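Novice: So that you have it, the file is my_file-v9.cif, and it contains mmCIF, C-alpha atoms:
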```
data_model
#
loop_
_atom_site.group_PDB
_atom_site.id
_atom_site.type_symbol
_atom_site.label_atom_id
_atom_site.label_comp_id
_atom_site.auth_asym_id
_atom_site.auth_seq_id
_atom_site.Cartn_x
_atom_site.Cartn_y
_atom_site.Cartn_z
ATOM 1 C CA MET A 1 -33.938 19.078 -3.758
ATOM 2 C CA LEU A 2 -31.218 21.422 -2.450
ATOM 3 C CA LEU A 3 -28.810 22.860 -4.969
ATOM 4 C CA PRO A 4 -25.403 21.190 -4.480
ATOM 5 C CA GLU A 5 -22.468 23.397 -3.563
ATOM 6 C CA PHE A 6 -20.150 24.055 -6.470
ATOM 7 C CA THR A 7 -16.922 25.838 -7.325
ATOM 8 C CA ILE A 8 -16.461 27.994 -10.407
ATOM 9 C CA LYS A 9 -13.148 27.928 -12.233
ATOM 10 C CA LYS A 10 -12.736 30.364 -15.110
ATOM 11 C CA SER A 11 -10.099 30.282 -17.819
ATOM 12 C CA LYS A 12 -9.201 32.621 -20.662
ATOM 13 C CA ARG A 13 -8.516 29.656 -22.943
ATOM 14 C CA ARG A 14 -11.794 27.894 -22.302
ATOM 15 C CA LYS A 15 -14.564 28.455 -24.840
ATOM 16 C CA THR A 16 -17.247 26.151 -23.409
ATOM 17 C CA ILE A 17 -18.827 25.398 -20.039
ATOM 18 C CA ALA A 18 -18.247 22.015 -18.376
ATOM 19 C CA ILE A 19 -19.444 20.545 -15.091
ATOM 20 C CA LYS A 20 -17.123 17.991 -13.512
ATOM 21 C CA ILE A 21 -17.384 15.904 -10.344
ATOM 22 C CA GLN A 22 -13.927 15.512 -8.795
ATOM 23 C CA ASN A 23 -13.145 14.144 -5.323
ATOM 24 C CA GLN A 24 -16.848 14.423 -4.420
ATOM 25 C CA GLN A 25 -16.877 18.105 -5.347
ATOM 26 C CA VAL A 26 -18.783 19.880 -8.105
ATOM 27 C CA ILE A 27 -16.557 22.071 -10.264
ATOM 28 C CA VAL A 28 -17.926 24.307 -13.021
ATOM 29 C CA HIS A 29 -15.348 25.223 -15.657
ATOM 30 C CA SER A 30 -16.280 28.334 -17.564
ATOM 31 C CA PRO A 31 -14.829 30.999 -19.860
ATOM 32 C CA TYR A 32 -14.703 34.559 -18.656
ATOM 33 C CA GLY A 33 -17.751 36.678 -19.385
ATOM 34 C CA VAL A 34 -20.307 34.126 -18.150
ATOM 35 C CA SER A 35 -22.313 35.347 -15.162
ATOM 36 C CA VAL A 36 -22.588 33.477 -11.868
ATOM 37 C CA GLU A 37 -26.393 33.592 -12.239
ATOM 38 C CA TYR A 38 -26.229 31.728 -15.530
ATOM 39 C CA LEU A 39 -23.851 29.105 -14.153
ATOM 40 C CA THR A 40 -26.099 28.632 -11.124
ATOM 41 C CA GLN A 41 -29.079 28.024 -13.416
ATOM 42 C CA LEU A 42 -27.037 25.502 -15.386
ATOM 43 C CA VAL A 43 -26.118 23.632 -12.191
ATOM 44 C CA GLN A 44 -29.766 23.593 -11.228
ATOM 45 C CA GLN A 45 -30.718 22.126 -14.621
ATOM 46 C CA LYS A 46 -28.063 19.411 -14.252
ATOM 47 C CA GLN A 47 -28.896 18.777 -10.605
ATOM 48 C CA GLN A 48 -30.120 15.206 -11.033
ATOM 49 C CA TRP A 49 -27.068 14.220 -13.092
ATOM 50 C CA ILE A 50 -24.793 15.862 -10.523
ATOM 51 C CA MET A 51 -26.396 14.040 -7.582
ATOM 52 C CA ILE A 52 -26.098 10.678 -9.308
ATOM 53 C CA HIS A 53 -22.366 11.163 -9.863
ATOM 54 C CA LEU A 54 -21.808 12.544 -6.362
ATOM 55 C CA GLN A 55 -23.514 9.521 -4.833
ATOM 56 C CA ARG A 56 -21.475 7.209 -7.039
ATOM 57 C CA GLN A 57 -18.209 8.771 -5.888
ATOM 58 C CA GLN A 58 -19.321 8.712 -2.263
ATOM 59 C CA ALA A 59 -20.109 5.008 -2.574
ATOM 60 C CA GLN A 60 -16.691 4.384 -4.104
ATOM 61 C CA ALA A 61 -15.061 6.267 -1.260
ATOM 62 C CA GLN A 62 -16.551 3.894 1.314
ATOM 63 C CA PRO A 63 -14.237 1.023 2.306
ATOM 64 C CA GLY A 64 -16.994 -1.520 1.656
ATOM 65 C CA HIS A 65 -15.906 -5.029 2.563
ATOM 66 C CA PHE A 66 -12.365 -3.773 2.980
ATOM 67 C CA ASP A 67 -13.074 -1.650 6.050
ATOM 68 C CA ARG A 68 -9.679 -1.748 7.718
ATOM 69 C CA GLU A 69 -8.956 1.516 9.536
ATOM 70 C CA THR A 70 -5.461 0.791 10.863
ATOM 71 C CA ILE A 71 -2.433 -1.152 9.690
ATOM 72 C CA ASP A 72 1.028 -1.918 11.025
ATOM 73 C CA LEU A 73 4.099 -0.873 9.063
ATOM 74 C CA PHE A 74 7.278 -2.350 10.557
ATOM 75 C CA ALA A 75 5.224 -3.069 13.718
ATOM 76 C CA LYS A 76 4.202 0.572 14.108
ATOM 77 C CA PRO A 77 0.426 1.206 13.946
ATOM 78 C CA TYR A 78 -0.808 3.704 11.373
ATOM 79 C CA ALA A 79 -4.277 5.097 10.781
ATOM 80 C CA LEU A 80 -5.513 4.328 7.275
ATOM 81 C CA ASN A 81 -7.227 7.111 5.350
ATOM 82 C CA TRP A 82 -9.017 6.262 2.106
ATOM 83 C CA GLN A 83 -9.697 8.959 -0.464
ATOM 84 C CA ILE A 84 -10.960 9.146 -4.030
ATOM 85 C CA ALA A 85 -8.608 11.173 -6.242
ATOM 86 C CA SER A 86 -7.645 11.773 -9.844
ATOM 87 C CA LYS A 87 -4.921 9.110 -9.655
ATOM 88 C CA SER A 88 -3.947 6.252 -7.367
ATOM 89 C CA THR A 89 -1.112 7.074 -4.964
ATOM 90 C CA TYR A 90 -0.221 6.719 -1.294
ATOM 91 C CA LEU A 91 1.423 8.921 1.301
ATOM 92 C CA VAL A 92 3.041 7.738 4.538
ATOM 93 C CA SER A 93 3.227 10.344 7.312
ATOM 94 C CA GLU A 94 4.307 10.124 10.945
ATOM 95 C CA SER A 95 1.127 8.443 12.189
ATOM 96 C CA SER A 96 -1.079 7.777 9.174
ATOM 97 C CA ILE A 97 -1.140 6.328 5.682
ATOM 98 C CA THR A 98 -3.341 8.018 3.118
ATOM 99 C CA ILE A 99 -4.261 5.923 0.102
ATOM 100 C CA HIS A 100 -5.745 7.692 -2.903
ATOM 101 C CA THR A 101 -7.813 5.551 -5.254
ATOM 102 C CA ALA A 102 -8.464 6.890 -8.752
ATOM 103 C CA SER A 103 -12.108 7.746 -9.356
ATOM 104 C CA ARG A 104 -12.096 5.673 -12.551
ATOM 105 C CA VAL A 105 -11.530 2.439 -10.599
ATOM 106 C CA LYS A 106 -14.667 0.282 -10.877
ATOM 107 C CA ASP A 107 -14.061 -1.923 -7.831
ATOM 108 C CA PRO A 108 -12.350 0.261 -5.194
ATOM 109 C CA ALA A 109 -12.499 -2.339 -2.404
ATOM 110 C CA SER A 110 -10.538 -4.948 -4.368
ATOM 111 C CA PHE A 111 -8.198 -2.363 -5.823
ATOM 112 C CA ARG A 112 -7.344 -1.041 -2.369
ATOM 113 C CA VAL A 113 -6.032 -4.452 -1.360
ATOM 114 C CA LYS A 114 -3.644 -4.279 -4.327
ATOM 115 C CA GLN A 115 -2.677 -0.736 -3.359
ATOM 116 C CA LEU A 116 -1.862 -1.862 0.168
ATOM 117 C CA GLU A 117 0.185 -4.781 -1.152
ATOM 118 C CA ASN A 118 2.101 -2.416 -3.446
ATOM 119 C CA LEU A 119 2.788 -0.147 -0.480
ATOM 120 C CA PHE A 120 4.083 -3.089 1.571
ATOM 121 C CA SER A 121 6.202 -4.318 -1.325
ATOM 122 C CA GLU A 122 7.832 -0.936 -1.915
ATOM 123 C CA GLN A 123 8.486 -0.221 1.759
ATOM 124 C CA LEU A 124 9.837 -3.710 2.432
ATOM 125 C CA SER A 125 12.001 -3.714 -0.698
ATOM 126 C CA ASP A 126 13.653 -0.483 0.400
ATOM 127 C CA TYR A 127 14.478 -1.931 3.816
ATOM 128 C CA ILE A 128 15.635 -5.323 2.570
ATOM 129 C CA SER A 129 17.866 -3.860 -0.152
ATOM 130 C CA GLN A 130 19.900 -2.131 2.553
ATOM 131 C CA ARG A 131 20.005 -4.960 5.081
ATOM 132 C CA ILE A 132 20.664 -7.827 2.685
ATOM 133 C CA THR A 133 23.686 -5.953 1.341
ATOM 134 C CA HIS A 134 24.945 -5.589 4.902
ATOM 135 C CA PHE A 135 24.395 -9.202 5.944
ATOM 136 C CA SER A 136 25.577 -10.811 2.696
ATOM 137 C CA SER A 137 28.847 -8.892 2.986
ATOM 138 C CA LEU A 138 29.145 -9.844 6.644
ATOM 139 C CA MET A 139 28.483 -13.530 5.896
ATOM 140 C CA GLY A 140 30.662 -13.634 2.785
ATOM 141 C CA LEU A 141 27.759 -14.835 0.634
ATOM 142 C CA SER A 142 26.501 -13.537 -2.717
ATOM 143 C CA TYR A 143 23.006 -13.722 -4.184
ATOM 144 C CA GLN A 144 21.725 -13.157 -7.715
ATOM 145 C CA GLN A 145 18.348 -11.527 -7.173
ATOM 146 C CA VAL A 146 15.952 -10.349 -4.467
ATOM 147 C CA GLN A 147 12.177 -10.663 -4.828
ATOM 148 C CA VAL A 148 9.262 -9.529 -2.697
ATOM 149 C CA LYS A 149 5.993 -11.378 -3.232
ATOM 150 C CA TYR A 150 2.928 -12.648 -1.403
ATOM 151 C CA TYR A 151 3.159 -16.070 0.262
ATOM 152 C CA ARG A 152 0.425 -17.704 2.284
ATOM 153 C CA ARG A 153 2.523 -19.901 4.545
ATOM 154 C CA ARG A 154 6.172 -18.916 4.324
ATOM 155 C CA TRP A 155 8.240 -15.876 5.189
ATOM 156 C CA GLY A 156 10.830 -16.346 2.514
ATOM 157 C CA SER A 157 12.708 -18.739 0.264
ATOM 158 C CA CYS A 158 16.070 -19.185 -1.417
ATOM 159 C CA SER A 159 16.571 -21.021 -4.702
ATOM 160 C CA SER A 160 19.626 -22.951 -5.847
ATOM 161 C CA LYS A 161 20.135 -20.192 -8.443
ATOM 162 C CA GLY A 162 20.651 -17.599 -5.749
ATOM 163 C CA VAL A 163 17.225 -15.953 -5.943
ATOM 164 C CA VAL A 164 16.202 -14.829 -2.446
ATOM 165 C CA SER A 165 12.486 -14.107 -1.959
ATOM 166 C CA PHE A 166 10.603 -12.495 0.916
ATOM 167 C CA ASN A 167 6.938 -12.351 1.892
ATOM 168 C CA LEU A 168 5.580 -8.831 1.424
ATOM 169 C CA LEU A 169 3.680 -9.248 4.725
ATOM 170 C CA LEU A 170 7.036 -8.847 6.460
ATOM 171 C CA ALA A 171 6.394 -5.133 6.000
ATOM 172 C CA GLN A 172 4.148 -5.435 9.077
ATOM 173 C CA VAL A 173 6.877 -7.089 11.151
ATOM 174 C CA PRO A 174 9.484 -5.444 13.461
ATOM 175 C CA THR A 175 12.743 -4.773 11.653
ATOM 176 C CA TRP A 176 14.719 -6.937 14.080
ATOM 177 C CA VAL A 177 12.549 -9.900 13.032
ATOM 178 C CA ILE A 178 12.965 -9.082 9.330
ATOM 179 C CA ASP A 179 16.727 -9.198 9.883
ATOM 180 C CA TYR A 180 16.349 -12.766 11.137
ATOM 181 C CA VAL A 181 14.484 -13.801 7.965
ATOM 182 C CA ILE A 182 17.171 -12.167 5.835
ATOM 183 C CA VAL A 183 19.982 -14.028 7.607
ATOM 184 C CA HIS A 184 17.966 -17.261 7.514
ATOM 185 C CA GLU A 185 17.464 -17.103 3.743
ATOM 186 C CA LEU A 186 21.020 -16.018 3.054
ATOM 187 C CA ALA A 187 22.275 -19.028 5.028
ATOM 188 C CA HIS A 188 20.448 -21.241 2.505
ATOM 189 C CA LEU A 189 22.886 -20.017 -0.134
ATOM 190 C CA LYS A 190 25.438 -22.217 1.622
ATOM 191 C CA PHE A 191 23.215 -24.882 3.181
ATOM 192 C CA MET A 192 19.978 -25.733 1.351
ATOM 193 C CA ASP A 193 18.684 -27.681 4.358
ATOM 194 C CA HIS A 194 18.085 -26.998 8.045
ATOM 195 C CA SER A 195 21.024 -29.016 9.255
ATOM 196 C CA LYS A 196 23.113 -28.344 12.331
ATOM 197 C CA ASN A 197 25.636 -26.465 10.204
ATOM 198 C CA PHE A 198 22.865 -24.297 8.793
ATOM 199 C CA TRP A 199 21.683 -23.216 12.242
ATOM 200 C CA LEU A 200 25.244 -22.640 13.421
ATOM 201 C CA LEU A 201 25.692 -20.241 10.521
ATOM 202 C CA VAL A 202 22.424 -18.417 11.217
ATOM 203 C CA LYS A 203 23.166 -18.031 14.931
ATOM 204 C CA LYS A 204 26.679 -16.823 14.200
ATOM 205 C CA TYR A 205 25.262 -13.716 12.526
ATOM 206 C CA TYR A 206 21.931 -13.353 14.318
ATOM 207 C CA SER A 207 21.657 -13.707 18.097
ATOM 208 C CA GLN A 208 17.865 -13.573 18.590
ATOM 209 C CA VAL A 209 16.832 -16.630 16.596
ATOM 210 C CA ASP A 210 14.485 -18.083 19.231
ATOM 211 C CA GLU A 211 12.817 -14.742 19.937
ATOM 212 C CA ALA A 212 12.293 -14.008 16.234
ATOM 213 C CA GLN A 213 10.858 -17.477 15.580
ATOM 214 C CA ASP A 214 8.490 -17.131 18.542
ATOM 215 C CA TRP A 215 7.308 -13.748 17.249
ATOM 216 C CA LEU A 216 6.663 -15.086 13.758
ATOM 217 C CA ASN A 217 4.892 -18.209 14.981
ATOM 218 C CA GLU A 218 2.662 -16.191 17.286
ATOM 219 C CA LYS A 219 1.729 -13.491 14.758
ATOM 220 C CA MET A 220 1.630 -15.510 11.525
ATOM 221 C CA ASN A 221 -2.165 -15.757 11.336
ATOM 222 C CA LEU A 222 -2.705 -12.109 12.261
ATOM 223 C CA LEU A 223 -0.816 -10.643 9.341
ATOM 224 C CA ASP A 224 -2.659 -9.937 6.109
ATOM 225 C CA THR A 225 -3.678 -7.198 3.731
ATOM 226 C CA LYS A 226 -7.318 -8.233 3.494
#
```
Reformat the file's structure so that it appears as structure tokens.
Specialist:
Amino acid sequence: MLLPEFTIKKSKRRKTIAIKIQNQQVIVHSPYGVSVEYLTQLVQQKQQWIMIHLQRQQAQAQPGHFDRETIDLFAKPYALNWQIASKSTYLVSESSITIHTASRVKDPASFRVKQLENLFSEQLSDYISQRITHFSSLMGLSYQQVQVKYYRRRWGSCSSKGVVSFNLLLAQVPTWVIDYVIVHELAHLKFMDHSKNFWLLVKKYYSQVDEAQDWLNEKMNLLDTK
């Protein structure tokens, strides 16, 4: 069995030697004064333990059943990069989204779905908070609360108490279509039905109603996080 590659990190404060597997890398923490030869022998002695933990992390790093490699964010395609890390975070760049899953997570595939939903929720909330302020002021309507959650068969809702909710999957939708859903739900603050007056109000503040509805009806079954 080949000796695994490893990195030595020495510290003046450290008094003991420790071997750690982090991000699929072997790191040997050691105090000063310990020779490289000795540390190499120690790695060799712990080789079987090291390989078991390396293989475990490599297995966790695989997408498994959740093998999605791309995702749309506001209708723009991004490459998805999955990585095992010390903590769970995500980073959105110009053309890719990197999702770090903490190595302590026991079921990475299921957890990654939650991470993607959290990403959608945060990104969508940021956009909606700006646009709903704009449209509510324009329409002369006030709401009590905005929520972003997962719905199976609806894009949004508006309660009689002024709580306006939006489907987190709208994060995959073009912003001009999201604007339609915002205006649609805000209009329910005045008309809780889909009467003629309701649609007159929606079309007064949003001119692409038919196009937005066609887009949503066509893409509804294609949007998901799973």
Novice: May I ask which of the residues A:Ala75, A:Val177, A:Ala187, A:Leu201 is the closest one to Ser136 of chain A, counting only C-alpha atoms?
Specialist: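 Smallest separation from Ser136 of chain A among the options: A:Ala187.
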Novice: Please report, as a Markdown table, each residue of segment 143-179 of chain A lying at most 12 Å from segment 208-220 of chain A, together with the nearest pair of atoms and the separation in Å rounded to one decimal; use only C-alpha atoms, and order rows by chain and ascending residue number.
Specialist:
```
| residue | atom | partner | partner_atom | distance |
| --- | --- | --- | --- | --- |
| A:Tyr151 | CA | A:Met220 | CA | 11.4 |
| A:Arg152 | CA | A:Met220 | CA | 9.6 |
| A:Arg153 | CA | A:Met220 | CA | 8.3 |
| A:Arg154 | CA | A:Met220 | CA | 9.2 |
| A:Trp155 | CA | A:Leu216 | CA | 8.7 |
| A:Asn167 | CA | A:Met220 | CA | 11.4 |
| A:Leu169 | CA | A:Met220 | CA | 9.5 |
| A:Leu170 | CA | A:Leu216 | CA | 9.6 |
| A:Gln172 | CA | A:Lys219 | CA | 10.2 |
| A:Val173 | CA | A:Leu216 | CA | 8.4 |
| A:Pro174 | CA | A:Trp215 | CA | 9.4 |
| A:Thr175 | CA | A:Ala212 | CA | 10.3 |
| A:Trp176 | CA | A:Ala212 | CA | 7.8 |
| A:Val177 | CA | A:Ala212 | CA | 5.2 |
| A:Ile178 | CA | A:Ala212 | CA | 8.5 |
| A:Asp179 | CA | A:Ala212 | CA | 9.1 |
```
Novice: For segment 44-54 of chain A, work out the shell of residues within 7 Å, counting all atoms listed in the file and skipping chain neighbours fewer than 6 positions away, then give it as a list in words.
Specialist: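 Returned residues: Leu3, Ile21 and Gln24 of chain A.
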Novice: Tell me which protein, DNA and RNA residues are within 12 Å of Ile132 of chain A, counting only C-alpha atoms, leaving out same-chain ones fewer than 2 positions away, and put them as a ChimeraX atom specification.
Specialist: /A:124-130,134-147,164-166,178-187
Novice: Name the residues in contact with Val105 of chain A at a cut-off of 10 Å, using only C-alpha atoms, excluding same-chain residues fewer than 4 positions from it; report them as a ChimeraX atom specification.
Specialist: /A:60,84,87-88,101,109-112
Novice: Between A:Leu91, A:Leu73, A:Ala85, A:Leu80, which residue has the minimum interatomic distance to Arg104 of chain A, considering only C-alpha atoms?
Specialist: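 Of the candidates, the smallest distance to Arg104 of chain A is held by A:Ala85.
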Novice: List the residues selected by the PyMOL selection byres ((chain A and resi 17) around 7) in the file shown, writing them as a VMD selection string.
Specialist: chain A and resid 16 18 to 19 29 to 31
Novice: Might you spell out which residues the PyMOL selection byres ((chain A and resi 81) around 8) would select in the displayed file, as a PyMOL selection string?
Specialist: chain A and resi 69+79-80+82-83+96-99
Novice: Those selected residues, please, written with C-alpha atoms and delivered as a PDB file, in the coordinates of the input.
Specialist:
```pdb
ATOM      1  CA  GLU A  69      -8.956   1.516   9.536  1.00  0.00           C
ATOM      2  CA  ALA A  79      -4.277   5.097  10.781  1.00  0.00           C
ATOM      3  CA  LEU A  80      -5.513   4.328   7.275  1.00  0.00           C
ATOM      4  CA  TRP A  82      -9.017   6.262   2.106  1.00  0.00           C
ATOM      5  CA  GLN A  83      -9.697   8.959  -0.464  1.00  0.00           C
ATOM      6  CA  SER A  96      -1.079   7.777   9.174  1.00  0.00           C
ATOM      7  CA  ILE A  97      -1.140   6.328   5.682  1.00  0.00           C
ATOM      8  CA  THR A  98      -3.341   8.018   3.118  1.00  0.00           C
ATOM      9  CA  ILE A  99      -4.261   5.923   0.102  1.00  0.00           C
TER      10      ILE A  99
END
```
Novice: Rank A:Thr133, A:Ser207, A:Tyr90, A:Asp193 by their smallest atom-to-atom distance to Cys158 of chain A, using all atoms listed in the file, and report the top residue only.
Specialist: A:Asp193
Novice: Quick one, how far is atom CA of Phe6 of chain A from atom CA of Ser35 of chain A?
Specialist: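 Taking atom CA of Phe6 of chain A as the start and atom CA of Ser35 of chain A as the end point, the length is 14.4 Å.
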Novice: Please put the answer as JSON: centre and edge lengths, in Å with one decimal, of a box along x, y and z that encloses all listed atoms of segment 159-176 of chain A plus 8 Å on each side.
Specialist:
```
{"center_x": 12.2, "center_y": -13.9, "center_z": 2.8, "size_x": 33.0, "size_y": 34.2, "size_z": 38.5}
```
Novice: Any idea what the distance is between atom CA of Ser95 of chain A and atom CA of Tyr78 of chain A?
Specialist: 5.2 Å
Novice: Please measure the separation of atom CA of Leu116 of chain A and atom CA of Gln25 of chain A, giving the value in Å to one decimal.
Specialist: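 Atom-to-atom, atom CA of Leu116 of chain A and atom CA of Gln25 of chain A are spaced 25.6 Å apart.
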Novice: Find the residue from A:Pro77, A:Pro4, A:Gly162, A:Gly156 that sits nearest to Val43 of chain A; use all atoms listed in the file when measuring.
Specialist: A:Pro4
